[in-house]
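protein_0.cif follows (mmCIF, C-alpha atoms):
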```
data_start
#
loop_
_atom_site.group_PDB
_atom_site.id
_atom_site.type_symbol
_atom_site.label_atom_id
_atom_site.label_comp_id
_atom_site.auth_asym_id
_atom_site.auth_seq_id
_atom_site.Cartn_x
_atom_site.Cartn_y
_atom_site.Cartn_z
ATOM 1 C CA MET A 1 158.438 136.454 126.058
ATOM 2 C CA ILE A 2 156.473 133.276 126.650
ATOM 3 C CA SER A 3 158.106 129.930 127.145
ATOM 4 C CA SER A 4 156.810 126.513 128.047
ATOM 5 C CA LEU A 5 158.324 123.880 130.268
ATOM 6 C CA PRO A 6 157.486 120.284 131.026
ATOM 7 C CA ARG A 7 154.803 119.694 133.664
ATOM 8 C CA GLN A 8 157.121 117.753 135.960
ATOM 9 C CA SER A 9 159.739 120.527 135.877
ATOM 10 C CA PHE A 10 157.095 123.030 136.966
ATOM 11 C CA LEU A 11 155.896 120.758 139.787
ATOM 12 C CA ASP A 12 159.498 120.253 140.940
ATOM 13 C CA PHE A 13 159.979 124.032 140.953
ATOM 14 C CA LEU A 14 156.884 124.446 143.126
ATOM 15 C CA LEU A 15 158.225 121.854 145.578
ATOM 16 C CA ARG A 16 161.513 123.758 145.853
ATOM 17 C CA SER A 17 159.892 127.191 146.173
ATOM 18 C CA PRO A 18 157.179 127.481 148.857
ATOM 19 C CA ILE A 19 156.465 131.140 148.041
ATOM 20 C CA ALA A 20 155.858 130.330 144.370
ATOM 21 C CA CYS A 21 153.669 127.404 145.449
ATOM 22 C CA GLN A 22 151.619 129.722 147.691
ATOM 23 C CA ASN A 23 151.177 132.254 144.896
ATOM 24 C CA VAL A 24 150.102 129.591 142.403
ATOM 25 C CA SER A 25 147.653 128.160 144.953
ATOM 26 C CA ARG A 26 146.210 131.614 145.665
ATOM 27 C CA GLN A 27 145.775 132.339 141.957
ATOM 28 C CA LEU A 28 144.099 128.974 141.336
ATOM 29 C CA GLY A 29 141.745 129.645 144.248
ATOM 30 C CA LEU A 30 140.803 133.061 142.868
ATOM 31 C CA GLU A 31 140.176 131.646 139.404
ATOM 32 C CA SER A 32 138.076 128.860 140.904
ATOM 33 C CA ARG A 33 135.980 131.372 142.871
ATOM 34 C CA ARG A 34 135.436 133.570 139.793
ATOM 35 C CA THR A 35 134.426 130.569 137.714
ATOM 36 C CA THR A 36 132.025 129.362 140.403
ATOM 37 C CA GLU A 37 130.403 132.819 140.598
ATOM 38 C CA GLN A 38 130.025 132.950 136.809
ATOM 39 C CA LEU A 39 128.461 129.492 136.745
ATOM 40 C CA ARG A 40 126.121 130.469 139.570
ATOM 41 C CA THR A 41 125.088 133.594 137.683
ATOM 42 C CA LEU A 42 124.517 131.687 134.437
ATOM 43 C CA GLY A 43 122.884 128.617 135.924
ATOM 44 C CA LEU A 44 120.766 129.878 138.783
ATOM 45 C CA THR A 45 119.462 133.142 137.396
ATOM 46 C CA SER A 46 116.448 132.820 135.175
ATOM 47 C CA SER A 47 116.252 136.060 133.188
ATOM 48 C CA ALA A 48 118.822 138.067 131.271
ATOM 49 C CA SER A 49 117.984 141.210 133.249
ATOM 50 C CA ALA A 50 118.577 139.374 136.546
ATOM 51 C CA LYS A 51 121.903 138.058 135.218
ATOM 52 C CA LEU A 52 122.924 141.575 134.199
ATOM 53 C CA ALA A 53 121.843 142.986 137.569
ATOM 54 C CA LYS A 54 123.925 140.315 139.346
ATOM 55 C CA LEU A 55 126.963 141.120 137.181
ATOM 56 C CA LEU A 56 126.614 144.850 137.899
ATOM 57 C CA LEU A 57 126.338 144.122 141.634
ATOM 58 C CA ASP A 58 129.506 142.017 141.468
ATOM 59 C CA TRP A 59 131.261 144.946 139.805
ATOM 60 C CA CYS A 60 129.893 147.307 142.498
ATOM 61 C CA ALA A 61 131.868 145.392 145.105
ATOM 62 C CA GLU A 62 135.093 146.646 143.500
ATOM 63 C CA SER A 63 133.815 150.044 142.370
ATOM 64 C CA THR A 64 134.677 153.600 143.300
ATOM 65 C CA ARG A 65 132.283 154.983 145.921
ATOM 66 C CA THR A 66 130.875 158.462 145.420
ATOM 67 C CA LEU A 67 128.189 160.443 147.211
ATOM 68 C CA ARG A 68 125.806 159.449 144.417
ATOM 69 C CA GLY A 69 126.549 155.707 144.557
ATOM 70 C CA ALA A 70 128.897 153.119 143.107
ATOM 71 C CA GLN A 71 130.751 154.269 139.993
ATOM 72 C CA ILE A 72 131.973 151.491 137.711
ATOM 73 C CA GLN A 73 134.417 152.014 134.871
ATOM 74 C CA CYS A 74 133.237 149.548 132.247
ATOM 75 C CA SER A 75 135.337 149.164 129.138
ATOM 76 C CA PHE A 76 133.285 146.187 127.900
ATOM 77 C CA THR A 77 130.988 146.552 124.918
ATOM 78 C CA TYR A 78 127.392 145.377 125.228
ATOM 79 C CA GLY A 79 128.356 142.388 123.084
ATOM 80 C CA GLU A 80 131.166 141.462 125.480
ATOM 81 C CA ILE A 81 128.877 141.863 128.484
ATOM 82 C CA GLY A 82 126.386 139.617 126.711
ATOM 83 C CA GLU A 83 129.086 136.969 126.284
ATOM 84 C CA LEU A 84 129.903 137.179 129.997
ATOM 85 C CA ILE A 85 126.338 136.307 130.990
ATOM 86 C CA GLY A 86 125.297 134.175 128.045
ATOM 87 C CA THR A 87 123.027 136.501 126.092
ATOM 88 C CA THR A 88 123.095 138.840 123.093
ATOM 89 C CA ARG A 89 124.181 142.443 122.613
ATOM 90 C CA GLU A 90 120.599 143.399 121.792
ATOM 91 C CA THR A 91 119.339 141.922 125.059
ATOM 92 C CA ILE A 92 122.010 143.794 127.040
ATOM 93 C CA SER A 93 121.056 147.029 125.300
ATOM 94 C CA ARG A 94 117.374 146.473 126.103
ATOM 95 C CA CYS A 95 118.121 145.595 129.769
ATOM 96 C CA MET A 96 120.455 148.575 130.241
ATOM 97 C CA ASN A 97 117.783 150.898 128.834
ATOM 98 C CA ASP A 98 115.208 149.362 131.197
ATOM 99 C CA PHE A 99 117.570 149.874 134.152
ATOM 100 C CA LYS A 100 118.114 153.507 133.131
ATOM 101 C CA ARG A 101 114.354 154.141 132.795
ATOM 102 C CA GLN A 102 113.757 152.648 136.243
ATOM 103 C CA GLY A 103 116.498 154.787 137.785
ATOM 104 C CA LEU A 104 118.682 151.821 138.709
ATOM 105 C CA LEU A 105 121.555 152.904 136.487
ATOM 106 C CA ALA A 106 123.004 156.037 134.925
ATOM 107 C CA GLN A 107 125.651 155.989 132.213
ATOM 108 C CA ARG A 108 128.113 158.568 130.966
ATOM 109 C CA GLY A 109 130.563 157.175 128.443
ATOM 110 C CA THR A 110 132.252 154.148 129.997
ATOM 111 C CA ALA A 111 131.228 155.145 133.531
ATOM 112 C CA LEU A 112 128.195 153.423 135.055
ATOM 113 C CA LEU A 113 126.636 154.826 138.224
ATOM 114 C CA ILE A 114 124.593 152.523 140.438
ATOM 115 C CA SER A 115 122.863 154.822 142.918
ATOM 116 C CA ASN A 116 120.939 152.130 144.787
ATOM 117 C CA CYS A 117 122.507 148.666 144.961
ATOM 118 C CA ALA A 118 119.705 147.407 147.215
ATOM 119 C CA ALA A 119 117.096 148.194 144.552
ATOM 120 C CA LEU A 120 119.236 146.512 141.897
ATOM 121 C CA ALA A 121 119.617 143.454 144.148
ATOM 122 C CA ALA A 122 115.865 143.322 144.674
ATOM 123 C CA TYR A 123 115.392 143.559 140.913
ATOM 124 C CA ALA A 124 117.808 140.646 140.494
ATOM 125 C CA GLY A 125 115.926 138.683 143.144
ATOM 126 C CA ILE A 126 119.029 138.039 145.250
ATOM 127 C CA GLY A 127 118.132 139.739 148.531
ATOM 128 C CA SER A 128 119.464 142.954 149.898
ATOM 129 C CA THR A 129 122.884 144.416 149.259
ATOM 130 C CA ALA A 130 124.238 147.440 151.092
ATOM 131 C CA ASP A 131 123.711 150.703 149.295
ATOM 132 C CA PRO A 132 127.136 152.150 148.391
ATOM 133 C CA GLY A 133 125.902 155.598 149.378
ATOM 134 C CA GLU A 134 125.189 154.487 152.926
ATOM 135 C CA PRO A 135 127.902 154.329 155.577
ATOM 136 C CA ALA A 136 128.976 150.859 156.639
ATOM 137 C CA ALA A 137 127.397 149.592 159.851
#
```

Kindly present the structure from the file in structure tokens form.
Amino acid sequence: MISSLPRQSFLDFLLRSPIACQNVSRQLGLESRRTTEQLRTLGLTSSASAKLAKLLLDWCAESTRTLRGAQIQCSFTYGEIGELIGTTRETISRCMNDFKRQGLLAQRGTALLISNCAALAAYAGIGSTADPGEPAA
């Protein structure tokens, strides 16, 4: 059930409840960080393939680690991925196929395997990123 309440009532509630205020502040901070990262990806990256590589690297940070690399469960369609980075489904399809041909990415159903994050980072032109197959230093 969703309900609305007046702005001032919500602000008064936050003043009375420090834990709720902390949680709201934390959530706003997370949303701000995500938005900033998306804007950075859209605004500072020149090509669609670099934008896609950056998005995949961001997903690698929260992925499952295997002996073969970072495994990402991706339930997004190519069209939805295109919307995330400001391009078309066709462009995403073309970039994903290029990544597969170059050995940067393998796909089985909704699972994506990034075997070498450093190579993907170099492709994106964003410097080096630790390879998920390597032990942390």

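Residues in contact with Arg108 of chain A at up to 10 Å, not including ones fewer than 4 positions away on its chain and judged by only C-alpha atoms, are Gln73, Leu112 and Leu113 of chain A.
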
For those residues, write C-alpha atoms to a file as a short mmCIF file (atom, residue, chain, number, x, y, z; two decimals), keeping the file's coordinate frame.
```
data_model
loop_
_atom_site.label_atom_id
_atom_site.label_comp_id
_atom_site.auth_asym_id
_atom_site.auth_seq_id
_atom_site.Cartn_x
_atom_site.Cartn_y
_atom_site.Cartn_z
CA GLN A 73 134.42 152.01 134.87
CA LEU A 112 128.20 153.42 135.06
CA LEU A 113 126.64 154.83 138.22
#
```

From A:Leu57, A:Ala48, A:Leu120, A:Leu104, residue lying nearest Glu90 of chain A [only C-alpha atoms]: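 Checking each of A:Leu57, A:Ala48, A:Leu120, A:Leu104 against Glu90 of chain A, counting only C-alpha atoms, the winner is A:Ala48.
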
Atom-to-atom span, atom CA of Arg33 of chain A and atom CA of Trp59 of chain A, Å: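 Computed distance, atom CA of Arg33 of chain A to atom CA of Trp59 of chain A, equals 14.7 Å.
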
Leu84 of chain A surroundings by all atoms listed in the file, 10 Å radius, close-in-sequence under 2 positions cut, as a list in words: Gln38, Thr41, Leu42, Lys51, Leu52, Leu55, Phe76, Tyr78, Gly79, Glu80, Ile81, Gly82, Gly86, Thr87 and Thr88 of chain A

Produce a file of the selected residues containing C-alpha atoms, as a PDB file, in the coordinates of the input.
```pdb
ATOM      1  CA  GLN A  38     130.025 132.950 136.809  1.00  0.00           C
ATOM      2  CA  THR A  41     125.088 133.594 137.683  1.00  0.00           C
ATOM      3  CA  LEU A  42     124.517 131.687 134.437  1.00  0.00           C
ATOM      4  CA  LYS A  51     121.903 138.058 135.218  1.00  0.00           C
ATOM      5  CA  LEU A  52     122.924 141.575 134.199  1.00  0.00           C
ATOM      6  CA  LEU A  55     126.963 141.120 137.181  1.00  0.00           C
ATOM      7  CA  PHE A  76     133.285 146.187 127.900  1.00  0.00           C
ATOM      8  CA  TYR A  78     127.392 145.377 125.228  1.00  0.00           C
ATOM      9  CA  GLY A  79     128.356 142.388 123.084  1.00  0.00           C
ATOM     10  CA  GLU A  80     131.166 141.462 125.480  1.00  0.00           C
ATOM     11  CA  ILE A  81     128.877 141.863 128.484  1.00  0.00           C
ATOM     12  CA  GLY A  82     126.386 139.617 126.711  1.00  0.00           C
ATOM     13  CA  GLY A  86     125.297 134.175 128.045  1.00  0.00           C
ATOM     14  CA  THR A  87     123.027 136.501 126.092  1.00  0.00           C
ATOM     15  CA  THR A  88     123.095 138.840 123.093  1.00  0.00           C
TER      16      THR A  88
END
```

d(atom CA of Ile114 of chain A, atom CA of Thr77 of chain A) in Å: 17.8 Å

Atom-to-atom span, atom CA of Arg65 of chain A and atom CA of Ala122 of chain A, Å: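 Between atom CA of Arg65 of chain A and atom CA of Ala122 of chain A the gap works out to 20.2 Å.
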
Using only C-alpha atoms: which of A:Glu37, A:Ser49, A:Ser115, A:Leu5 has the shortest distance to Leu67 of chain A: A:Ser115

Residue nearest Ile126 of chain A among A:Arg101, A:Leu39, A:Ser46, A:Ser32 (counting all atoms listed in the file): A:Ser46

Could you write out as JSON the box around segment 76-89 of chain A (axis-aligned, all atoms listed in the file, 5 Å on each side), with centre and edge lengths in Å to one decimal?
```
{"center_x": 128.2, "center_y": 140.4, "center_z": 126.8, "size_x": 20.3, "size_y": 22.4, "size_z": 18.4}
```

Reference answer for the PyMOL selection byres ((chain A and resi 106) around 12), as a PyMOL selection string: chain A and resi 68-72+96-105+107-116
